[in-house]
file start_27.cif (mmCIF, C-alpha atoms)
data_structure
loop_
_atom_site.label_atom_id
_atom_site.label_comp_id
_atom_site.auth_asym_id
_atom_site.auth_seq_id
_atom_site.Cartn_x
_atom_site.Cartn_y
_atom_site.Cartn_z
CA MET A 1 0.00 0.00 0.00
CA LYS A 2 2.84 2.38 0.85
CA LYS A 3 4.43 1.74 -2.54
CA VAL A 4 1.17 2.50 -4.33
CA THR A 5 0.72 5.68 -2.29
CA ALA A 6 4.29 6.76 -3.03
CA PHE A 7 3.77 6.09 -6.74
CA LEU A 8 0.55 8.11 -6.83
CA VAL A 9 2.15 10.99 -4.94
CA ALA A 10 5.11 10.97 -7.36
CA LEU A 11 2.73 10.86 -10.32
CA ILE A 12 0.69 13.78 -9.00
CA LEU A 13 3.83 15.81 -8.35
CA CYS A 14 5.13 15.03 -11.84
CA LEU A 15 1.86 16.03 -13.50
CA GLY A 16 1.68 19.14 -11.35
CA THR A 17 5.20 20.12 -12.39
CA ILE A 18 4.38 19.57 -16.07
CA CYS A 19 1.15 21.61 -15.82
CA GLY A 20 2.90 24.35 -13.88
CA LEU A 21 5.70 24.53 -16.42
CA HIS A 22 3.15 24.64 -19.24
CA VAL A 23 1.31 27.60 -17.70
CA PHE A 24 4.56 29.39 -16.84
CA VAL A 25 6.01 29.05 -20.34
CA ASP A 26 2.72 30.16 -21.93
CA SER A 27 2.75 33.34 -19.86
CA HIS A 28 6.44 34.09 -20.52
CA THR A 29 6.65 33.76 -24.30
CA ARG A 30 5.13 37.10 -25.30
CA PHE A 31 8.23 39.02 -26.28
CA ASP A 32 9.35 42.48 -27.31
CA ASP A 33 7.94 42.97 -30.82
CA HIS A 34 11.11 43.98 -32.64
CA GLU A 35 13.45 41.69 -30.77
CA PHE A 36 11.22 38.69 -31.46
CA GLY A 37 10.42 39.76 -35.02
CA SER A 38 14.08 40.09 -36.02
CA TRP A 39 15.22 36.99 -34.13
CA ILE A 40 16.54 34.46 -36.62
CA SER A 41 16.19 31.07 -34.95
CA GLN A 42 14.82 27.68 -35.93
CA TYR A 43 13.27 27.46 -32.46
CA LYS A 44 11.13 30.43 -33.44
CA PHE A 45 10.34 29.21 -36.96
CA PHE A 46 9.10 25.86 -35.64
CA ALA A 47 6.94 27.44 -32.93
CA ALA A 48 3.86 28.47 -34.90
CA ASP A 49 1.76 29.05 -31.78
CA ARG A 50 4.37 31.42 -30.34
CA ILE A 51 4.61 33.32 -33.64
CA LYS A 52 0.85 33.77 -33.63
CA ALA A 53 0.93 34.93 -30.01
CA ASN A 54 3.56 37.54 -30.88
CA MET A 55 1.77 39.16 -33.83
CA ASP A 56 -0.61 42.10 -33.82
CA GLN A 57 -2.05 44.55 -36.34
CA ASN A 58 1.36 46.19 -36.79
CA SER A 59 3.11 42.90 -37.58
CA ILE A 60 3.82 41.66 -41.06
CA LEU A 61 5.17 38.18 -41.76
CA VAL A 62 8.30 38.38 -43.96
CA LEU A 63 9.58 35.08 -45.31
CA GLY A 64 12.97 34.62 -46.91
CA SER A 65 16.30 32.86 -46.53
CA SER A 66 19.87 33.73 -45.59
CA GLU A 67 19.64 37.46 -46.35
CA PHE A 68 18.25 38.12 -42.86
CA ARG A 69 21.58 37.12 -41.27
CA HIS A 70 23.71 39.38 -43.48
CA GLY A 71 24.45 43.08 -43.25
CA LYS A 72 23.19 43.61 -39.72
CA LYS A 73 25.52 46.58 -39.22
CA MET A 74 24.03 48.47 -42.17
CA SER A 75 21.73 51.37 -41.37
CA SER A 76 19.35 49.98 -44.01
CA HIS A 77 19.08 46.48 -42.50
CA PRO A 78 15.53 46.03 -41.13
CA ASN A 79 16.88 45.37 -37.62
CA ASN A 80 18.15 48.95 -37.61
CA LEU A 81 15.84 50.79 -39.98
CA PHE A 82 12.62 49.66 -38.23
CA LYS A 83 14.04 49.41 -34.71
CA ASN A 84 11.86 52.23 -33.37
CA ASN A 85 9.09 52.05 -35.94
CA ALA A 86 5.56 50.83 -35.31
CA LEU A 87 5.94 48.35 -38.17
CA ASN A 88 7.19 44.99 -36.92
CA MET A 89 8.68 42.63 -39.49
CA VAL A 90 8.32 39.07 -38.21
CA MET A 91 11.16 37.45 -40.14
CA VAL A 92 11.24 33.75 -40.88
CA GLY A 93 14.06 32.22 -42.87
CA ALA A 94 17.71 31.25 -43.07
CA GLY A 95 19.84 29.26 -45.48
CA TYR A 96 17.92 26.47 -47.31
CA TYR A 97 14.47 27.90 -46.48
CA GLN A 98 12.55 28.01 -49.76
CA SER A 99 8.99 28.22 -51.11
CA LEU A 100 7.78 24.80 -49.95
CA PHE A 101 8.86 25.34 -46.34
CA HIS A 102 7.27 28.78 -46.37
CA ALA A 103 3.98 27.42 -47.69
CA VAL A 104 3.84 25.09 -44.68
CA GLU A 105 4.92 27.89 -42.32
CA LEU A 106 2.22 30.24 -43.63
CA ALA A 107 -0.43 27.54 -43.28
CA ALA A 108 0.61 27.03 -39.66
CA VAL A 109 0.53 30.69 -38.60
CA GLU A 110 -2.00 32.45 -40.84
CA GLU A 111 -4.84 32.09 -38.35
CA GLY A 112 -3.03 34.47 -36.00
CA MET A 113 -2.17 37.09 -38.63
CA GLN A 114 -4.20 40.21 -37.85
CA ASN A 115 -2.54 42.00 -40.75
CA ARG A 116 -3.61 39.61 -43.49
CA LYS A 117 -0.54 40.21 -45.63
CA VAL A 118 2.66 38.26 -46.20
CA VAL A 119 5.94 39.05 -47.93
CA LEU A 120 8.06 36.39 -49.62
CA ILE A 121 11.60 37.46 -50.59
CA LEU A 122 12.61 35.32 -53.57
CA SER A 123 16.25 34.46 -54.09
CA PRO A 124 17.10 33.59 -57.70
CA GLN A 125 19.33 30.81 -56.35
CA TRP A 126 16.22 28.92 -55.23
CA PHE A 127 15.28 28.41 -58.86
CA LYS A 128 18.18 26.28 -59.99
CA SER A 129 17.16 23.38 -62.17
CA GLU A 130 17.05 20.92 -59.25
CA GLY A 131 14.99 23.15 -56.93
CA VAL A 132 15.20 22.64 -53.18
CA LEU A 133 17.59 19.81 -52.31
CA ALA A 134 16.28 16.88 -50.28
CA PRO A 135 18.83 17.11 -47.42
CA ALA A 136 18.20 20.87 -47.16
CA TYR A 137 14.44 20.43 -46.94
CA ALA A 138 14.77 17.62 -44.41
CA SER A 139 17.02 19.75 -42.20
CA ARG A 140 14.42 22.54 -42.16
CA PHE A 141 11.31 20.38 -41.91
CA SER A 142 8.98 21.14 -38.99
CA GLU A 143 6.62 18.32 -38.11
CA ALA A 144 4.55 20.57 -35.83
CA ASN A 145 4.02 23.11 -38.61
CA TYR A 146 3.27 20.31 -41.04
CA ILE A 147 0.54 18.95 -38.78
CA ALA A 148 -0.90 22.46 -38.43
CA MET A 149 -0.99 22.73 -42.22
CA LEU A 150 -2.86 19.44 -42.53
CA ARG A 151 -5.36 20.56 -39.87
CA ASN A 152 -6.00 23.96 -41.50
CA LYS A 153 -9.53 23.63 -42.89
CA ARG A 154 -9.17 26.64 -45.21
CA ILE A 155 -6.60 24.85 -47.34
CA SER A 156 -7.88 22.67 -50.17
CA LYS A 157 -7.17 18.97 -50.46
CA ASP A 158 -5.36 19.58 -53.76
CA THR A 159 -2.93 21.99 -52.10
CA LYS A 160 -2.36 19.62 -49.19
CA ASP A 161 -1.83 16.75 -51.62
CA TYR A 162 0.82 18.73 -53.47
CA ILE A 163 2.69 19.56 -50.25
CA LEU A 164 2.35 15.96 -49.10
CA LYS A 165 3.70 14.48 -52.33
CA ARG A 166 6.64 16.90 -52.49
CA SER A 167 7.47 16.42 -48.81
CA LYS A 168 7.40 12.64 -48.98
CA GLY A 169 9.73 12.72 -51.96
CA LEU A 170 12.17 15.11 -50.30
CA LEU A 171 12.11 13.20 -46.99
CA ALA A 172 12.89 9.82 -48.55
CA GLY A 173 16.35 9.90 -47.00
CA ASP A 174 14.96 10.33 -43.49
CA GLN A 175 12.89 7.20 -42.96
CA ASP A 176 11.89 7.96 -39.36
CA THR A 177 10.42 11.36 -40.23
CA LEU A 178 8.88 9.98 -43.42
CA GLY A 179 7.16 7.24 -41.42
CA ARG A 180 5.55 9.81 -39.11
CA VAL A 181 4.54 11.97 -42.08
CA LYS A 182 2.68 9.01 -43.54
CA LYS A 183 0.86 8.56 -40.22
CA TYR A 184 -0.10 12.27 -40.22
CA GLU A 185 -1.53 11.76 -43.70
CA LYS A 186 -3.70 8.90 -42.49
CA VAL A 187 -4.92 10.73 -39.39
CA PHE A 188 -5.49 14.26 -40.69
CA LEU A 189 -6.10 13.85 -44.43
CA LYS A 190 -7.33 10.40 -45.36
CA GLY A 191 -9.05 9.49 -42.09
CA ASN A 192 -8.07 5.80 -42.40
CA ALA A 193 -5.62 5.57 -39.49
CA SER A 194 -5.80 2.69 -37.03
CA PHE A 195 -6.54 3.27 -33.34
CA SER A 196 -2.88 2.78 -32.42
CA GLU A 197 -1.76 5.22 -35.14
CA LYS A 198 -4.21 7.84 -33.89
CA GLN A 199 -2.97 7.45 -30.34
CA TYR A 200 0.65 7.63 -31.44
CA VAL A 201 0.05 10.82 -33.44
CA TYR A 202 -1.97 12.39 -30.63
CA PHE A 203 0.77 11.88 -28.02
CA TYR A 204 3.59 12.72 -30.41
CA GLN A 205 1.83 15.95 -31.38
CA LYS A 206 1.51 16.91 -27.70
CA PHE A 207 5.19 16.11 -27.24
CA LEU A 208 6.12 18.36 -30.17
CA GLU A 209 3.98 21.21 -28.81
CA GLU A 210 5.51 21.09 -25.32
CA LYS A 211 9.03 20.65 -26.69
CA SER A 212 8.55 23.68 -28.94
CA LYS A 213 7.31 25.91 -26.11
CA ILE A 214 10.09 24.97 -23.72
CA SER A 215 12.74 25.23 -26.44
CA ILE A 216 11.71 28.70 -27.57
CA PHE A 217 11.48 29.89 -23.96
CA ALA A 218 14.99 28.64 -23.19
CA ALA A 219 16.45 29.90 -26.47
CA ALA A 220 14.90 33.35 -26.02
CA LYS A 221 16.34 33.54 -22.50
CA ALA A 222 19.77 32.62 -23.81
CA LYS A 223 19.45 35.29 -26.49
CA SER A 224 18.31 37.88 -23.89
CA ILE A 225 15.10 38.67 -25.73
CA HIS A 226 13.00 40.86 -23.46
CA LYS A 227 9.39 40.39 -22.45
CA TYR A 228 6.65 42.37 -24.16
CA ASP A 229 6.12 45.84 -22.74
CA PRO A 230 2.72 47.33 -23.71
CA LYS A 231 4.02 50.81 -22.84
CA LYS A 232 6.73 50.58 -25.48
CA GLN A 233 5.27 51.93 -28.71
CA GLY A 234 7.07 52.49 -32.01
CA GLU A 235 6.81 55.62 -34.15
CA GLU A 236 4.04 55.77 -36.73
CA ARG A 237 6.17 58.08 -38.88
CA GLU A 238 7.42 56.77 -42.23
CA PRO A 239 11.22 56.53 -42.51
CA GLU A 240 12.86 59.33 -44.49
CA TRP A 241 13.92 57.25 -47.46
CA ALA A 242 15.94 60.01 -49.17
CA ILE A 243 18.15 60.38 -46.10
CA TYR A 244 18.65 56.62 -45.90
CA GLU A 245 19.45 56.53 -49.63
CA LYS A 246 22.35 58.93 -49.14
CA LEU A 247 23.52 56.96 -46.13
CA ALA A 248 23.37 53.69 -48.07
CA GLU A 249 25.47 55.21 -50.85
CA LYS A 250 28.03 56.47 -48.34
CA GLU A 251 28.22 53.19 -46.39
CA GLY A 252 28.40 51.10 -49.56
CA GLU A 253 31.12 53.20 -51.13
CA LYS A 254 33.20 53.06 -47.94
CA ALA A 255 32.79 49.27 -47.55
CA ALA A 256 33.44 48.43 -51.21
CA LYS A 257 36.65 50.48 -51.39
CA GLY A 258 36.48 50.61 -55.18
CA ASN A 259 36.38 46.88 -55.96
CA PRO A 260 34.91 46.12 -59.43
CA PHE A 261 31.91 44.17 -58.04
CA TYR A 262 30.71 47.02 -55.75
CA VAL A 263 30.32 44.62 -52.83
CA SER A 264 31.91 44.55 -49.39
CA ASN A 265 35.67 44.54 -49.82
CA ARG A 266 35.83 41.81 -47.18
CA ALA A 267 33.54 39.61 -49.29
CA TYR A 268 35.53 40.53 -52.40
CA LYS A 269 38.82 39.42 -50.85
CA ASN A 270 37.53 36.35 -48.99
CA GLN A 271 34.85 34.99 -51.34
CA ILE A 272 35.37 36.32 -54.84
CA LEU A 273 39.10 36.67 -55.43
CA PRO A 274 40.09 33.14 -54.29
CA SER A 275 37.80 31.53 -56.88
CA LEU A 276 37.72 34.26 -59.52
CA GLU A 277 39.40 32.30 -62.30
CA LYS A 278 37.75 29.02 -61.40
CA LYS A 279 34.25 30.54 -61.58
CA LYS A 280 34.81 32.38 -64.85
CA GLY A 281 32.26 31.07 -67.38
CA SER A 282 31.22 28.26 -65.02
CA GLN A 283 27.48 28.92 -65.42
CA ALA A 284 27.31 29.27 -69.17
CA ASN A 285 24.87 26.35 -69.32
CA ALA A 286 23.07 26.85 -66.00
CA CYS A 287 19.28 26.92 -65.97
CA TYR A 288 17.08 29.10 -63.74
CA SER A 289 14.05 29.31 -66.03
CA ARG A 290 12.85 25.74 -65.37
CA SER A 291 12.78 24.36 -61.85
CA PRO A 292 10.52 22.45 -59.40
CA GLU A 293 10.74 25.63 -57.32
CA TYR A 294 8.20 27.30 -59.62
CA GLY A 295 5.67 24.61 -58.69
CA ASP A 296 6.43 25.17 -55.00
CA LEU A 297 5.94 28.92 -55.45
CA LYS A 298 2.61 28.33 -57.19
CA CYS A 299 1.58 26.19 -54.22
CA PHE A 300 2.50 29.05 -51.87
CA LEU A 301 0.42 31.54 -53.89
CA GLN A 302 -2.50 29.11 -54.12
CA LEU A 303 -2.39 28.68 -50.36
CA CYS A 304 -2.52 32.48 -49.99
CA GLN A 305 -5.67 32.59 -52.10
CA GLU A 306 -7.34 29.83 -50.11
CA THR A 307 -6.61 31.42 -46.74
CA GLY A 308 -7.38 35.02 -47.74
CA ILE A 309 -3.80 36.23 -47.31
CA ARG A 310 -2.59 39.06 -49.54
CA PRO A 311 0.95 38.23 -50.77
CA MET A 312 3.78 40.37 -52.05
CA LEU A 313 6.69 38.75 -53.84
CA VAL A 314 10.02 40.54 -53.59
CA MET A 315 11.91 39.55 -56.73
CA MET A 316 15.60 39.98 -55.95
CA PRO A 317 17.83 40.37 -59.00
CA PHE A 318 20.90 38.46 -60.00
CA ASN A 319 24.11 40.27 -59.17
CA GLY A 320 24.92 41.37 -62.73
CA TYR A 321 28.61 41.98 -62.10
CA TRP A 322 29.11 38.51 -60.63
CA TYR A 323 26.86 36.52 -62.96
CA ASP A 324 28.36 38.16 -66.03
CA HIS A 325 31.67 36.80 -64.76
CA THR A 326 30.25 33.29 -64.26
CA GLY A 327 28.74 33.44 -67.75
CA LEU A 328 25.08 32.98 -66.82
CA PRO A 329 23.33 34.23 -69.99
CA LYS A 330 21.32 37.44 -69.66
CA ALA A 331 18.49 35.75 -71.56
CA GLU A 332 18.28 33.08 -68.86
CA ARG A 333 18.16 35.73 -66.15
CA GLN A 334 15.49 37.69 -67.98
CA GLN A 335 13.38 34.55 -68.41
CA TYR A 336 13.49 33.99 -64.66
CA TYR A 337 12.23 37.54 -64.08
CA GLU A 338 9.48 37.09 -66.63
CA ASN A 339 8.39 33.79 -65.07
CA ILE A 340 7.93 35.49 -61.69
CA ARG A 341 6.09 38.47 -63.21
CA VAL A 342 3.66 36.19 -65.03
CA MET A 343 3.05 34.10 -61.90
CA ALA A 344 2.48 37.13 -59.68
CA LYS A 345 -0.05 38.54 -62.14
CA ALA A 346 -1.85 35.20 -62.47
CA TYR A 347 -2.36 34.94 -58.70
CA GLY A 348 -3.05 38.63 -58.05
CA ALA A 349 0.10 38.99 -55.95
CA GLU A 350 1.82 42.32 -55.54
CA LEU A 351 5.33 42.33 -56.95
CA ALA A 352 8.33 44.34 -55.81
CA ASP A 353 10.28 43.98 -59.04
CA PHE A 354 14.02 44.58 -58.77
CA GLY A 355 14.91 42.90 -62.04
CA ASN A 356 16.40 46.15 -63.33
CA ASP A 357 18.84 46.43 -60.41
CA GLU A 358 21.39 43.88 -61.56
CA TYR A 359 24.00 46.62 -61.96
CA THR A 360 22.95 48.99 -59.17
CA LYS A 361 26.08 49.74 -57.18
CA TYR A 362 26.00 48.60 -53.55
CA PHE A 363 22.76 46.67 -54.05
CA PHE A 364 24.60 43.54 -52.92
CA LEU A 365 26.79 42.88 -49.90
CA ASP A 366 28.49 39.93 -51.62
CA ARG A 367 27.72 37.68 -54.58
CA VAL A 368 24.07 37.10 -53.63
CA HIS A 369 23.00 38.76 -50.36
CA LEU A 370 21.31 42.14 -50.09
CA GLY A 371 23.58 45.09 -49.44
CA TRP A 372 23.15 48.72 -48.46
CA LYS A 373 20.88 49.84 -51.31
CA GLY A 374 19.30 46.41 -51.72
CA TRP A 375 18.02 46.24 -48.18
CA LEU A 376 16.88 49.86 -48.32
CA ARG A 377 14.75 49.37 -51.42
CA VAL A 378 13.36 46.07 -50.24
CA ASN A 379 12.43 47.61 -46.89
CA GLU A 380 10.70 50.55 -48.55
CA SER A 381 8.62 48.19 -50.69
CA ILE A 382 7.66 46.16 -47.60
CA TYR A 383 6.75 49.29 -45.63
CA ARG A 384 4.50 50.61 -48.39
CA PHE A 385 2.85 47.22 -48.87
CA ALA A 386 2.23 46.76 -45.14
CA SER A 387 0.87 50.29 -44.75
CA LYS A 388 -1.38 50.23 -47.80
CA ILE A 389 -5.10 50.25 -47.01
CA GLU A 390 -6.77 47.71 -49.26
CA LYS A 391 -10.05 48.56 -50.98
CA GLN A 392 -12.95 46.61 -49.59
#
call {"tool": "encode", "arguments": {"input": "start_27.cif", "output": "structure tokens"}}
result
Amino acid sequence: MKKVTAFLVALILCLGTICGLHVFVDSHTRFDDHEFGSWISQYKFFAADRIKANMDQNSILVLGSSEFRHGKKMSSHPNNLFKNNALNMVMVGAGYYQSLFHAVELAAVEEGMQNRKVVLILSPQWFKSEGVLAPAYASRFSEANYIAMLRNKRISKDTKDYILKRSKGLLAGDQDTLGRVKKYEKVFLKGNASFSEKQYVYFYQKFLEEKSKISIFAAAKAKSIHKYDPKKQGEEREPEWAIYEKLAEKEGEKAAKGNPFYVSNRAYKNQILPSLEKKKGSQANACYSRSPEYGDLKCFLQLCQETGIRPMLVMMPFNGYWYDHTGLPKAERQQYYENIRVMAKAYGAELADFGNDEYTKYFFLDRVHLGWKGWLRVNESIYRFASKIEKQ
């Protein structure tokens, strides 16, 4: 009897601790808007519930890839330009995050988006002939977000089927994850799961939810991200773009120090010069006009239509100075731009078109990432899109 009593007491204490931790974490994961919005962390990207809890009418979801991590010392980087502004860019993305991941991410968080707009910053490098690579997708795959996508009733079966088929193909090298994905399909899409499969998915989903909450709480603490302060309000005033334009020119000129690619001299010396001869003409036969990525982007735009989200595509250009050196034909580059323009028009998406900026000095920090003028012009397009009052 004493053993049973001891077991029950231990069980009650354990459950009480778990419940207490759950309540505590829930009440301590509403963060400072700008610190959370600009935080680039997979813990954040995988925590759809926490993203939703940290968005309000001044928040706009901005999806992209590795550009968020580069140029943080520039005055035109969003971390600095919007630091004291009412607009809060909730950034999601790092290397290897592409259209398919972002479709799943949007499906997982759109319910909490008070500002029903989303920005997707397109990198031309996504649209190589092979599209997103399987190991890259697997390393960025969020099962919790994937389940949320499957459970989103606003998304059509056709769209879910597309995401499911692509995901299963790209996860073929990760049999454990693929096995769970097939169970999620049975439970949430087909409805033909066995009792044991339903129970497994139910408990595993709860495990993922609690793991996500605790992980983001711990990671935010380690990063010293402050709690939300309702008294802290950003300025409603629009940034003075002309002043920032002059500053971007000055900063870019100083950093480039006259190198022929008009990028950071550090990037020129460390990234470009060591492989300059090797890369010359290396992309003469490369293809960016045909890629599975276009299908993934169509899926993203279709998902926007189904959920009532207004999208803006930011079409980053190729770095003309660099890609002329690698031999990528201008016709191939122009076809990529035209493909995106046609797709944006077909789906009623707004387009921030920077296709004519291939040779704009200081647009790039290095071979591919946004620089002083690049970030400034992208930020201005995002600000105007976020602030625009749509006609009812």
call {"tool": "residues_near_point", "arguments": {"input": "start_27.cif", "point": "(10.4, 27.2, -25.4)", "cutoff": "9 Å", "atoms": "all atoms listed in the file", "output": "PyMOL selection string"}}
result
chain A and resi 25-26+29+43-44+47+50+210-220
call {"tool": "residues_around", "arguments": {"input": "start_27.cif", "residues": "A:Glu240", "least_positions_apart": "5", "cutoff": "12 Å", "atoms": "only C-alpha atoms", "output": "count of residues only"}}
result
11
call {"tool": "residues_near_point", "arguments": {"input": "start_27.cif", "point": "(9.2, 13.0, -51.0)", "cutoff": "12 Å", "atoms": "all atoms listed in the file", "output": "mmCIF file with C-alpha atoms, in the coordinates of the input"}}
result
data_model
loop_
_atom_site.group_PDB
_atom_site.id
_atom_site.type_symbol
_atom_site.label_atom_id
_atom_site.label_comp_id
_atom_site.auth_asym_id
_atom_site.auth_seq_id
_atom_site.Cartn_x
_atom_site.Cartn_y
_atom_site.Cartn_z
ATOM 1 C CA LEU A 100 7.780 24.800 -49.950
ATOM 2 C CA VAL A 132 15.200 22.640 -53.180
ATOM 3 C CA LEU A 133 17.590 19.810 -52.310
ATOM 4 C CA ALA A 134 16.280 16.880 -50.280
ATOM 5 C CA PRO A 135 18.830 17.110 -47.420
ATOM 6 C CA TYR A 137 14.440 20.430 -46.940
ATOM 7 C CA ALA A 138 14.770 17.620 -44.410
ATOM 8 C CA PHE A 141 11.310 20.380 -41.910
ATOM 9 C CA ASP A 161 -1.830 16.750 -51.620
ATOM 10 C CA TYR A 162 0.820 18.730 -53.470
ATOM 11 C CA ILE A 163 2.690 19.560 -50.250
ATOM 12 C CA LEU A 164 2.350 15.960 -49.100
ATOM 13 C CA LYS A 165 3.700 14.480 -52.330
ATOM 14 C CA ARG A 166 6.640 16.900 -52.490
ATOM 15 C CA SER A 167 7.470 16.420 -48.810
ATOM 16 C CA LYS A 168 7.400 12.640 -48.980
ATOM 17 C CA GLY A 169 9.730 12.720 -51.960
ATOM 18 C CA LEU A 170 12.170 15.110 -50.300
ATOM 19 C CA LEU A 171 12.110 13.200 -46.990
ATOM 20 C CA ALA A 172 12.890 9.820 -48.550
ATOM 21 C CA GLY A 173 16.350 9.900 -47.000
ATOM 22 C CA ASP A 174 14.960 10.330 -43.490
ATOM 23 C CA GLN A 175 12.890 7.200 -42.960
ATOM 24 C CA THR A 177 10.420 11.360 -40.230
ATOM 25 C CA LEU A 178 8.880 9.980 -43.420
ATOM 26 C CA GLY A 179 7.160 7.240 -41.420
ATOM 27 C CA VAL A 181 4.540 11.970 -42.080
ATOM 28 C CA LYS A 182 2.680 9.010 -43.540
#
call {"tool": "residues_around", "arguments": {"input": "start_27.cif", "residues": "A:Glu197", "least_positions_apart": "3", "cutoff": "10 Å", "atoms": "all atoms listed in the file", "output": "ChimeraX atom specification"}}
result
/A:180,183-184,186-187,192-194,200-202
call {"tool": "resolve_selection", "arguments": {"input": "start_27.cif", "expression": "the PyMOL selection byres ((chain A and resi 54) around 9)", "output": "list of chain:residue names"}}
result
A:Thr29, A:Arg30, A:Phe31, A:Asp32, A:Asp33, A:Phe36, A:Gly37, A:Asp49, A:Arg50, A:Ile51, A:Lys52, A:Ala53, A:Met55, A:Asp56, A:Ser59, A:Val90, A:Gly112, A:Tyr228
call {"tool": "atom_distance", "arguments": {"input": "start_27.cif", "atom1": "atom CA of A:Leu303", "atom2": "atom CA of A:Gly93"}}
result
18.4 Å
call {"tool": "closest_residue", "arguments": {"input": "start_27.cif", "among": "A:Met89, A:Val263, A:Met312, A:Leu276", "to": "A:Thr360", "atoms": "all atoms listed in the file"}}
result
A:Val263
call {"tool": "resolve_selection", "arguments": {"input": "start_27.cif", "expression": "the PyMOL selection byres ((chain A and resi 266-275) around 10)", "output": "JSON, numbers by chain"}}
result
{"A": [255, 256, 257, 259, 260, 261, 262, 263, 264, 265, 276, 277, 278, 279, 280, 322, 365, 366, 367]}
call {"tool": "write_last_selection", "arguments": {"input": "start_27.cif", "atoms": "C-alpha atoms", "output": "short mmCIF file (atom, residue, chain, number, x, y, z; two decimals), keeping the file's coordinate frame"}}
result
data_model
loop_
_atom_site.label_atom_id
_atom_site.label_comp_id
_atom_site.auth_asym_id
_atom_site.auth_seq_id
_atom_site.Cartn_x
_atom_site.Cartn_y
_atom_site.Cartn_z
CA ALA A 255 32.79 49.27 -47.55
CA ALA A 256 33.44 48.43 -51.21
CA LYS A 257 36.65 50.48 -51.39
CA ASN A 259 36.38 46.88 -55.96
CA PRO A 260 34.91 46.12 -59.43
CA PHE A 261 31.91 44.17 -58.04
CA TYR A 262 30.71 47.02 -55.75
CA VAL A 263 30.32 44.62 -52.83
CA SER A 264 31.91 44.55 -49.39
CA ASN A 265 35.67 44.54 -49.82
CA LEU A 276 37.72 34.26 -59.52
CA GLU A 277 39.40 32.30 -62.30
CA LYS A 278 37.75 29.02 -61.40
CA LYS A 279 34.25 30.54 -61.58
CA LYS A 280 34.81 32.38 -64.85
CA TRP A 322 29.11 38.51 -60.63
CA LEU A 365 26.79 42.88 -49.90
CA ASP A 366 28.49 39.93 -51.62
CA ARG A 367 27.72 37.68 -54.58
#
call {"tool": "resolve_selection", "arguments": {"input": "start_27.cif", "expression": "the PyMOL selection byres ((chain A and resi 309) around 6)", "output": "PyMOL selection string"}}
result
chain A and resi 116-117+304+307-308+310
call {"tool": "write_last_selection", "arguments": {"input": "start_27.cif", "atoms": "C-alpha atoms", "output": "PDB file, in the coordinates of the input"}}
result
ATOM      1  CA  ARG A 116      -3.610  39.610 -43.490  1.00  0.00           C
ATOM      2  CA  LYS A 117      -0.540  40.210 -45.630  1.00  0.00           C
ATOM      3  CA  CYS A 304      -2.520  32.480 -49.990  1.00  0.00           C
ATOM      4  CA  THR A 307      -6.610  31.420 -46.740  1.00  0.00           C
ATOM      5  CA  GLY A 308      -7.380  35.020 -47.740  1.00  0.00           C
ATOM      6  CA  ARG A 310      -2.590  39.060 -49.540  1.00  0.00           C
TER       7      ARG A 310
END
